[in-house]
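Here the structure is laid out as structure tokens; the discussion comes afterwards.
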Amino acid sequence: MDNRTETRDFLSTRRAKITPEQAGLAAYGGNRRVPGLRRGEVAMLAGVSVEYYTRLERGNLSGVSESVLESLANALQLDDAERAHLYDLARAASDGGKFRRRPVRKQAIRPGVQLTLDAITGSPAFIRNGRLDLLATNALGRALYADMYDSPSGPPNHARFLFLDPRSQDFYTDWERAANDTVAIMRTEAGRDPYDRGLSDLVGELSTRSEEFRVRWASHNVRQHFTGKKRFRHRIFGDLHLIYEALELSADAGLTLTVYNAEPGTSTADALQLLASWAASTPASAADPEPLRHHQ
């Protein structure tokens with residue numbers, strides 16, 4: 001993923017989203033040839049020359065000061081995720097290409113991390129990396145994502161399952177939102193770590209095989225993903241409404257622990273209790289929820 005191209009497309013798509021009215025500018029003339037703001041308007045709002053902003057939007061963020069980045073972020077009304085992404089792009093540009101694409105390496109999960117996962121017995125929990133590979137789970141997490149583990153689309157990966165396995169359309173009750181969020185997380189990671197060969201390869205694979213992915217990737221939307229709600233339709237238990245918390249592992253750069261919970265007293269809470277009871281009694285079969293039919 002080329003930093004100049006990433007920067008150019010990100011800035012131009014952000015500029016296109018802001019209308020003169022939203023920016024507090026008078027819209028002169030009835031026929032504007034560009035959606036959103038003109039380059040000159042962004043430059044004025046950011047307090048830089050049109051020539052300088054044009055250089056930035058052409059993809060050259062090398063050596064740009066923090067104050068200019070902050071002014072640019074304010075002018076484009078970037079949210080927290082977009083602001084962080086802009087800084088990531090600038091940091092990568094200032095590296096001067098001294099870092100190269102790293103070979104894909106299998107990420108090992110430390111025994112202590114797996115023990116922590118296994119100690120969480122009442123909630124699905126898993127470890128993922130920035131490109132959304134599912135690296136480790138507890139018994140409930142594996143049961144929740146059983147379809148992803150046995151998916152013909154390839155090794156367990158949230159994006160690959162979502163865009164290449166038709167069963168994801170049933171598993172994610174709001175598939176459109178899940179698809180948008182997934183691509184936005186991947187785009188965020190691409191800015192944070194542009195030299196991740198595994199991520200580049202995954203983007204290439206999905207771009208080749210999925211029109212849905214290509215359209216979303218071209219939008220350059222980014223998102224932070226630390227807390228919220230998700231809805232799944234499990235093939236045994238039906239609809240599950242879960243709350244999630246995602247925590248970055250400080251001792252394992254790039255890895256995130258995600259834990260799902262259910263509101264007490266809900267049908268989802270009852271379903272998780274049943275799933276936990278079954279998973280505890282048959283841990284070796286946690287990836288296959290079919291025996292759960294006998295417990296209903």
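Order determines the names: the first chain of the structure tokens is A, the second B, and so forth; residues in each chain are numbered 1 upward, and ligands are numbered 1 upward as they are shown.
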
DSSP strand (DSSP E) selection over stretch 34-183 of chain A, as an MDAnalysis selection string: chainID A and resid 125:128 134:137

Contacts of A:Glu212 at 12 Å (only C-alpha atoms; same-chain gap of 6+ positions) as number ranges by chain: A: 159-160, 162-164, 175-176, 178-180, 182-183, 206, 218-219

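The neighbours of A:Ser67 here are the residues that come within 12 Å of it, using only C-alpha atoms and leaving out any residue fewer than 6 positions away in the same chain; they are A:Ala46, A:Gly47, A:Val48, A:Ala73, A:Asn74, A:Tyr87.
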
Can you write just those residues out, all heavy atoms, as a PDB file, in the first residue's frame?
```pdb
ATOM      1  N   ALA A  46      -7.502  25.812   7.023  1.00  0.00           N
ATOM      2  CA  ALA A  46      -6.348  25.268   7.740  1.00  0.00           C
ATOM      3  C   ALA A  46      -5.255  26.306   7.953  1.00  0.00           C
ATOM      4  O   ALA A  46      -4.278  26.026   8.663  1.00  0.00           O
ATOM      5  CB  ALA A  46      -5.782  24.074   6.966  1.00  0.00           C
ATOM      6  N   GLY A  47      -5.374  27.479   7.327  1.00  0.00           N
ATOM      7  CA  GLY A  47      -4.375  28.526   7.499  1.00  0.00           C
ATOM      8  C   GLY A  47      -3.081  28.269   6.756  1.00  0.00           C
ATOM      9  O   GLY A  47      -2.008  28.665   7.214  1.00  0.00           O
ATOM     10  N   VAL A  48      -3.176  27.601   5.605  1.00  0.00           N
ATOM     11  CA  VAL A  48      -1.985  27.356   4.779  1.00  0.00           C
ATOM     12  C   VAL A  48      -2.278  27.836   3.365  1.00  0.00           C
ATOM     13  O   VAL A  48      -3.425  28.127   3.006  1.00  0.00           O
ATOM     14  CB  VAL A  48      -1.603  25.850   4.759  1.00  0.00           C
ATOM     15  CG1 VAL A  48      -1.271  25.366   6.157  1.00  0.00           C
ATOM     16  CG2 VAL A  48      -2.727  25.011   4.140  1.00  0.00           C
ATOM     17  N   ALA A  73      -6.721  18.693  10.350  1.00  0.00           N
ATOM     18  CA  ALA A  73      -7.749  17.839  10.927  1.00  0.00           C
ATOM     19  C   ALA A  73      -8.976  18.655  11.333  1.00  0.00           C
ATOM     20  O   ALA A  73     -10.120  18.223  11.140  1.00  0.00           O
ATOM     21  CB  ALA A  73      -7.187  17.083  12.134  1.00  0.00           C
ATOM     22  N   ASN A  74      -8.748  19.839  11.880  1.00  0.00           N
ATOM     23  CA  ASN A  74      -9.864  20.703  12.264  1.00  0.00           C
ATOM     24  C   ASN A  74     -10.615  21.209  11.037  1.00  0.00           C
ATOM     25  O   ASN A  74     -11.853  21.265  11.031  1.00  0.00           O
ATOM     26  CB  ASN A  74      -9.352  21.881  13.088  1.00  0.00           C
ATOM     27  CG  ASN A  74      -8.863  21.463  14.465  1.00  0.00           C
ATOM     28  OD1 ASN A  74      -9.298  20.444  15.003  1.00  0.00           O
ATOM     29  ND2 ASN A  74      -7.943  22.226  15.022  1.00  0.00           N
ATOM     30  N   TYR A  87      -2.431  11.195  11.328  1.00  0.00           N
ATOM     31  CA  TYR A  87      -1.120  11.191  11.990  1.00  0.00           C
ATOM     32  C   TYR A  87      -0.329   9.934  11.628  1.00  0.00           C
ATOM     33  O   TYR A  87       0.899   9.991  11.467  1.00  0.00           O
ATOM     34  CB  TYR A  87      -1.294  11.296  13.499  1.00  0.00           C
ATOM     35  CG  TYR A  87      -1.421  12.724  13.996  1.00  0.00           C
ATOM     36  CD1 TYR A  87      -2.629  13.417  13.892  1.00  0.00           C
ATOM     37  CD2 TYR A  87      -0.334  13.384  14.557  1.00  0.00           C
ATOM     38  CE1 TYR A  87      -2.749  14.722  14.341  1.00  0.00           C
ATOM     39  CE2 TYR A  87      -0.440  14.693  15.014  1.00  0.00           C
ATOM     40  CZ  TYR A  87      -1.654  15.358  14.908  1.00  0.00           C
ATOM     41  OH  TYR A  87      -1.763  16.659  15.339  1.00  0.00           O
TER      42      TYR A  87
END
```

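The spacing separating atom CA of A:Arg216 from atom CA of A:Arg187 amounts to 9.8 Å.
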
Filtered DSSP result for stretch 65-262 of chain A, state alpha helix (DSSP H), as a PyMOL selection string: chain A and resi 66-75+80-94+111-119+139-144+146-149+158-164+168-171+175-192+197-209+211-218

Nearest to A:Glu82 by atom-to-atom distance, counting only C-alpha atoms, from A:Glu211, A:Glu248, A:Asp170, A:Glu189: A:Glu189

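Considering only C-alpha atoms, the residue among A:Thr121, A:Thr188, A:His158, A:Arg214 positioned nearest to A:Leu134 is A:His158.
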
Within 12 Å of A:Leu117 using only C-alpha atoms, minus same-chain residues under 2 positions, as a list in words: Ile109, Arg110, Pro111, Gly112, Val113, Gln114, Leu115, Ala119, Ile120, Thr121, Gly122, Ser123, Pro124, Ala125, Phe126, Ile127, Leu135, Ala136, Thr137, Asn138, Ala139, Leu140, Gly141, Arg142, Thr256, Leu257, Thr258 and Val259 of chain A

Nearest residue to A:Pro155 from the set A:Ala143, A:Ser49, A:Thr227, A:Asp133 (distances using only C-alpha atoms): A:Asp133
